[in-house]
>>> print(open('final-v7.cif').read())   # mmCIF, C-alpha atoms
data_my_file
loop_
_atom_site.label_atom_id
_atom_site.label_comp_id
_atom_site.auth_asym_id
_atom_site.auth_seq_id
_atom_site.Cartn_x
_atom_site.Cartn_y
_atom_site.Cartn_z
CA MET A 1 23.41 15.80 7.52
CA LEU A 2 22.00 15.86 11.03
CA TYR A 3 21.05 19.51 11.54
CA ALA A 4 20.97 22.82 9.66
CA ARG A 5 19.32 26.21 9.88
CA CYS A 6 17.04 26.97 6.96
CA PRO A 7 18.54 29.89 5.00
CA GLY A 8 15.08 31.22 4.13
CA ASP A 9 15.46 31.18 0.33
CA CYS A 10 14.69 27.68 -0.93
CA SER A 11 15.95 28.45 -4.44
CA LYS A 12 19.42 29.10 -3.00
CA CYS A 13 19.44 26.45 -0.28
CA PRO A 14 22.77 24.58 -0.15
CA TYR A 15 21.22 21.68 1.78
CA ARG A 16 18.45 20.57 -0.61
CA ASN A 17 16.33 18.43 1.73
CA LEU A 18 19.35 16.71 3.28
CA PRO A 19 19.11 17.73 6.98
CA LEU A 20 17.36 15.31 9.29
CA VAL A 21 16.41 18.21 11.58
CA TYR A 22 16.25 21.81 10.43
CA ARG A 23 15.27 25.12 11.97
CA ILE A 24 12.76 27.24 10.08
CA ALA A 25 10.51 30.27 10.61
CA SER A 26 7.11 28.79 9.76
CA ARG A 27 4.22 31.02 8.75
CA ARG A 28 1.77 28.82 10.59
CA ARG A 29 3.80 27.46 13.49
CA GLY A 30 6.32 30.21 14.25
CA GLU A 31 9.97 29.40 15.00
CA SER A 32 10.15 25.65 14.52
CA LEU A 33 12.35 22.62 14.30
CA GLY A 34 11.39 20.44 11.35
CA ILE A 35 11.87 16.68 11.30
CA ASN A 36 12.62 15.25 7.85
CA LEU A 37 12.10 11.48 7.85
CA TYR A 38 13.12 11.09 4.19
CA PRO A 39 16.27 13.17 3.76
CA GLY A 40 17.64 13.23 0.24
CA ARG A 41 14.73 11.43 -1.43
CA LYS A 42 11.09 12.51 -1.63
CA VAL A 43 8.77 9.72 -0.48
CA CYS A 44 5.10 10.61 -0.75
CA SER A 45 1.66 9.33 -1.70
CA PHE A 46 1.13 12.52 -3.75
CA ASP A 47 3.09 14.24 -6.50
CA CYS A 48 1.53 17.71 -6.20
CA LEU A 49 2.07 20.15 -9.05
CA TYR A 50 2.89 22.95 -6.63
CA CYS A 51 5.44 21.16 -4.43
CA PHE A 52 8.74 23.03 -4.26
CA ARG A 53 10.68 19.91 -3.26
CA GLY A 54 10.62 18.42 -6.75
CA PRO A 55 8.85 15.38 -8.19
CA THR A 56 8.17 12.40 -5.95
CA ALA A 57 10.89 9.75 -6.15
CA VAL A 58 8.97 7.02 -4.31
CA LYS A 59 5.22 7.35 -4.81
CA THR A 60 3.44 4.90 -2.57
CA LEU A 61 0.59 4.36 -0.12
CA SER A 62 2.47 1.58 1.65
CA PRO A 63 4.65 2.12 4.73
CA PHE A 64 8.20 2.92 3.67
CA ASP A 65 11.31 2.79 5.87
CA PRO A 66 14.62 3.45 4.08
CA GLY A 67 16.57 2.49 7.22
CA TYR A 68 17.73 6.03 7.94
CA PRO A 69 16.97 7.75 10.21
CA ALA A 70 16.90 5.26 13.04
CA PRO A 71 15.88 6.52 16.49
CA GLY A 72 19.54 6.98 17.46
CA ASP A 73 20.14 9.17 14.41
CA LEU A 74 17.22 11.37 15.36
CA GLU A 75 18.45 11.61 18.95
CA ARG A 76 21.86 12.84 17.77
CA ALA A 77 20.29 15.37 15.41
CA LEU A 78 18.00 16.67 18.14
CA GLU A 79 20.90 17.15 20.54
CA LEU A 80 22.47 19.49 17.99
CA ALA A 81 19.20 21.24 17.21
CA LEU A 82 18.07 21.66 20.80
CA GLY A 83 21.32 23.38 21.63
CA ASP A 84 20.10 26.01 19.16
CA SER A 85 16.47 26.08 20.33
CA ALA A 86 16.07 29.57 21.80
CA GLY A 87 12.71 30.90 20.65
CA VAL A 88 11.49 27.59 19.22
CA ARG A 89 7.74 27.17 19.64
CA SER A 90 7.11 23.91 17.80
CA ILE A 91 8.72 20.70 16.57
CA ASP A 92 7.05 19.40 13.44
CA PHE A 93 7.38 16.27 11.34
CA SER A 94 7.23 17.55 7.78
CA GLY A 95 10.16 17.70 5.39
CA ASN A 96 10.74 15.79 2.19
CA GLY A 97 7.52 13.84 1.65
CA GLU A 98 4.72 12.31 3.73
CA PRO A 99 5.86 11.55 7.30
CA THR A 100 2.93 9.25 8.11
CA LEU A 101 4.25 6.74 5.57
CA HIS A 102 7.12 6.01 7.96
CA PRO A 103 6.26 2.82 9.89
CA ARG A 104 8.24 4.00 12.97
CA LEU A 105 6.50 7.37 13.27
CA ALA A 106 5.18 6.69 16.77
CA GLU A 107 8.61 5.58 18.03
CA LEU A 108 10.26 8.63 16.48
CA ALA A 109 7.63 10.94 17.97
CA ARG A 110 8.48 9.56 21.42
CA VAL A 111 12.16 10.31 20.74
CA VAL A 112 11.22 13.94 20.05
CA ARG A 113 9.11 14.18 23.20
CA ALA A 114 11.87 12.75 25.36
CA ALA A 115 14.53 15.06 23.88
CA ALA A 116 12.38 18.15 24.35
CA GLU A 117 11.73 17.20 27.97
CA ARG A 118 15.43 16.68 28.64
CA HIS A 119 16.12 20.17 27.35
CA GLY A 120 13.15 21.73 29.14
CA LEU A 121 11.61 22.85 25.84
CA ALA A 122 7.83 23.28 26.13
CA ALA A 123 7.19 23.12 22.38
CA SER A 124 4.10 21.90 20.57
CA VAL A 125 4.85 18.66 18.70
CA GLY A 126 3.08 18.48 15.36
CA VAL A 127 2.91 16.74 12.02
CA PHE A 128 2.09 17.96 8.52
CA THR A 129 0.22 15.30 6.54
CA ASN A 130 -1.48 15.12 3.16
CA SER A 131 -4.33 13.13 4.83
CA SER A 132 -3.88 10.12 2.54
CA THR A 133 -3.12 7.65 5.35
CA LEU A 134 -5.61 8.78 8.01
CA GLY A 135 -7.73 5.69 7.41
CA GLU A 136 -4.96 3.44 8.73
CA ARG A 137 -5.11 2.38 12.38
CA ARG A 138 -1.30 2.48 12.63
CA VAL A 139 -1.30 6.14 11.63
CA VAL A 140 -4.21 7.16 13.85
CA GLU A 141 -2.55 5.61 16.89
CA ALA A 142 0.74 7.36 16.10
CA LEU A 143 -0.96 10.74 15.64
CA ARG A 144 -2.48 10.52 19.12
CA LEU A 145 1.06 11.34 20.34
CA PHE A 146 0.98 14.75 18.64
CA ASP A 147 -0.36 18.05 19.93
CA HIS A 148 -1.11 19.40 16.47
CA VAL A 149 -2.02 17.79 13.15
CA GLU A 150 -1.96 19.90 9.98
CA ALA A 151 -3.95 17.89 7.42
CA LYS A 152 -4.17 18.77 3.72
CA LEU A 153 -7.40 19.05 1.74
CA ASP A 154 -6.93 21.25 -1.32
CA THR A 155 -10.21 20.57 -3.06
CA ALA A 156 -13.56 18.82 -2.82
CA ASP A 157 -13.62 18.16 -6.57
CA PRO A 158 -12.41 14.62 -7.47
CA ALA A 159 -11.13 15.65 -10.91
CA LYS A 160 -9.15 18.56 -9.45
CA PHE A 161 -7.81 16.29 -6.72
CA GLU A 162 -6.43 13.93 -9.38
CA ALA A 163 -4.96 16.74 -11.47
CA LEU A 164 -3.54 18.89 -8.66
CA ASN A 165 -2.39 16.36 -6.06
CA ARG A 166 -1.68 13.44 -8.43
CA PRO A 167 -2.22 10.74 -5.78
CA ALA A 168 -0.85 7.22 -5.79
CA ALA A 169 -2.92 4.71 -7.72
CA GLY A 170 -6.10 3.65 -5.96
CA LEU A 171 -6.49 6.64 -3.65
CA LYS A 172 -9.77 8.51 -4.13
CA LEU A 173 -10.83 11.87 -2.76
CA GLY A 174 -13.91 10.39 -1.06
CA GLN A 175 -11.66 8.08 0.98
CA VAL A 176 -9.55 11.03 2.12
CA VAL A 177 -12.58 13.07 3.23
CA GLU A 178 -14.17 10.16 5.09
CA SER A 179 -10.87 9.34 6.80
CA LEU A 180 -10.56 12.97 7.94
CA LYS A 181 -14.04 12.80 9.45
CA ARG A 182 -13.28 9.61 11.36
CA PHE A 183 -9.91 10.92 12.47
CA ARG A 184 -11.49 14.06 13.90
CA ARG A 185 -13.77 11.93 16.07
CA GLU A 186 -10.77 10.08 17.53
CA TYR A 187 -8.18 12.84 17.78
CA GLY A 188 -8.20 15.14 20.81
CA GLY A 189 -5.45 17.57 19.80
CA THR A 190 -5.59 20.58 17.51
CA LEU A 191 -6.62 19.70 13.96
CA ALA A 192 -5.95 22.28 11.26
CA VAL A 193 -6.89 21.66 7.64
CA GLN A 194 -4.53 23.28 5.15
CA VAL A 195 -5.68 24.35 1.71
CA MET A 196 -3.24 25.29 -1.06
CA LEU A 197 -4.80 27.53 -3.72
CA VAL A 198 -3.17 27.63 -7.14
CA ASP A 199 -3.73 28.37 -10.80
CA ALA A 200 -2.15 25.98 -13.30
CA GLY A 201 -3.26 26.87 -16.80
CA PRO A 202 -6.98 26.10 -16.99
CA LEU A 203 -6.82 24.27 -13.67
CA SER A 204 -7.68 26.29 -10.55
CA ASN A 205 -9.09 25.39 -7.15
CA ALA A 206 -9.57 29.01 -6.03
CA SER A 207 -13.10 29.96 -7.13
CA PRO A 208 -15.98 30.78 -4.75
CA GLU A 209 -17.64 27.58 -5.97
CA ASP A 210 -14.53 25.64 -4.95
CA ALA A 211 -14.71 27.28 -1.53
CA GLU A 212 -18.38 26.40 -1.08
CA ALA A 213 -17.77 22.77 -2.02
CA LEU A 214 -14.82 22.59 0.35
CA ALA A 215 -16.88 24.13 3.16
CA SER A 216 -19.50 21.45 2.63
CA ALA A 217 -16.87 18.70 2.83
CA LEU A 218 -15.29 20.22 5.93
CA SER A 219 -18.62 20.53 7.73
CA GLY A 220 -18.30 16.85 8.59
CA VAL A 221 -14.69 17.21 9.69
CA GLU A 222 -15.08 20.16 12.08
CA PRO A 223 -11.43 21.23 12.17
CA ASP A 224 -10.24 23.66 14.81
CA GLU A 225 -8.80 25.90 12.08
CA VAL A 226 -8.56 26.10 8.30
CA HIS A 227 -5.27 27.44 6.94
CA VAL A 228 -5.56 28.87 3.43
CA TYR A 229 -2.30 29.61 1.64
CA THR A 230 -0.72 29.71 -1.79
CA VAL A 231 2.65 29.19 -3.45
CA TYR A 232 5.50 31.30 -2.12
CA ARG A 233 8.39 28.99 -3.05
CA PRO A 234 8.96 28.05 -6.71
CA PRO A 235 6.93 24.92 -7.61
CA TRP A 236 8.77 22.12 -9.39
CA ALA A 237 6.17 22.07 -12.18
CA GLY A 238 6.05 24.96 -14.61
CA GLY A 239 2.95 27.08 -15.13
CA VAL A 240 1.82 27.02 -11.48
CA SER A 241 1.08 30.40 -9.93
CA LYS A 242 -0.82 32.24 -7.22
CA PRO A 243 -4.44 33.19 -7.82
CA GLU A 244 -5.08 36.93 -7.70
CA ARG A 245 -5.31 38.29 -4.19
CA ASP A 246 -9.00 39.22 -4.50
CA ARG A 247 -9.94 35.65 -5.46
CA PHE A 248 -7.77 34.29 -2.67
CA GLU A 249 -9.41 36.57 -0.09
CA GLU A 250 -12.91 35.79 -1.33
CA PHE A 251 -12.18 32.06 -0.97
CA ALA A 252 -11.20 32.63 2.66
CA ARG A 253 -14.31 34.75 3.28
CA VAL A 254 -16.57 31.98 1.97
CA LEU A 255 -15.07 29.59 4.50
CA GLU A 256 -15.42 32.16 7.28
CA ARG A 257 -19.09 32.72 6.43
CA SER A 258 -19.52 28.95 6.66
CA GLY A 259 -18.44 29.12 10.29
CA PHE A 260 -14.78 28.08 10.12
CA ARG A 261 -11.93 29.79 11.92
CA VAL A 262 -9.72 30.73 8.99
CA LYS A 263 -6.12 31.92 8.83
CA ALA A 264 -5.04 33.09 5.38
CA TYR A 265 -1.43 33.43 4.19
CA TYR A 266 -1.04 35.06 0.79
CA GLU A 267 2.59 36.18 1.05
#
>>> encode(input="final-v7.cif", output="structure tokens")
Amino acid sequence: MLYARCPGDCSKCPYRNLPLVYRIASRRRGESLGINLYPGRKVCSFDCLYCFRGPTAVKTLSPFDPGYPAPGDLERALELALGDSAGVRSIDFSGNGEPTLHPRLAELARVVRAAAERHGLAASVGVFTNSSTLGERRVVEALRLFDHVEAKLDTADPAKFEALNRPAAGLKLGQVVESLKRFRREYGGTLAVQVMLVDAGPLSNASPEDAEALASALSGVEPDEVHVYTVYRPPWAGGVSKPERDRFEEFARVLERSGFRVKAYYE
């Protein structure tokens, strides 16, 4: 499927991660076109407990190209989507997995830029990443083509990182944090760090102590913004829920007191 409008209710979606390009009302990026480089199969270096897209089918840290979409496929999908682009503020690579695993990310980003220019659409081009590949030169060079990078860091606790994000074998939290720091020094666009707060039985990353540890880790990253949010679409794993609002808000306040520009999204 080349293009579809998101119906808004993921539990009733008839498309189920199949569209290559989709239109969505994003809480963080406004009216957006999403680019899904792994339609129909979740390819990711994480298998997060809270992900609403289901368990990861291909869990890898290595570049992965399933052959579709090719640049021509993306061009055709964008022609459909950009005919329906009134009000669109951003075009973001996100979708069904980790877009930076795609070895042709830079080429596909140029396809998006060219299509937007042809249609006279002055939209911010962004990417949502789980930060696992930011230590790779290929990825850093590709991300220079983007106006906005939304990079995940849910916790500064290595044990919670393993339990919550369930990374591919060999990936350690310290590597992710150090890669974020180096990336910030090289990247001139807007860098937002996104933090998902959840409770999962005895596991939680939403305490004030968690916030203080995260603030310490982020002090070396210096993001332009920190986006704190929680589950609002049903996670694939059972027993995952929102923390209470007061704990959520206190987490955000700790980050604000640490000097970060914070945007919090509870609903």
>>> resolve_selection(input="final-v7.cif", expression="the PyMOL selection byres ((chain A and resi 202) around 12)", output="list in words")
Lys160, Ala163, Leu164, Val198, Asp199, Ala200, Gly201, Leu203, Ser204, Asn205, Ala206, Gly239, Val240, Ser241 and Pro243 of chain A
>>> resolve_selection(input="final-v7.cif", expression="the PyMOL selection byres ((chain A and resi 91) around 6)", output="list in words")
Ser32, Leu33, Gly34, Ser90, Asp92 and Val125 of chain A
>>> closest_residue(input="final-v7.cif", among="A:Arg16, A:Arg166, A:His102, A:Lys172", to="Cys48 of chain A", atoms="all atoms listed in the file")
A:Arg166
>>> resolve_selection(input="final-v7.cif", expression="the PyMOL selection byres ((chain A and resi 93) around 12)", output="ChimeraX atom specification")
/A:20-23,29,32-38,74,90-92,94-102,105-106,108-109,112,124-129,143,146-150
>>> atom_distance(input="final-v7.cif", atom1="atom CA of Ala81 of chain A", atom2="atom CA of Tyr3 of chain A")
6.2 Å
>>> closest_residue(input="final-v7.cif", among="A:Arg118, A:Asp246, A:Glu256, A:Ala237", to="Glu225 of chain A", atoms="all atoms listed in the file")
A:Glu256
>>> residues_near_point(input="final-v7.cif", point="(-18.3, 18.9, 1.3)", cutoff="12 Å", atoms="all atoms listed in the file", output="list in words")
Leu153, Asp154, Thr155, Ala156, Asp157, Pro158, Leu173, Gly174, Val176, Val177, Glu178, Leu180, Lys181, Glu209, Asp210, Ala211, Glu212, Ala213, Leu214, Ala215, Ser216, Ala217, Leu218, Ser219, Gly220, Val221, Glu222, Leu255 and Ser258 of chain A
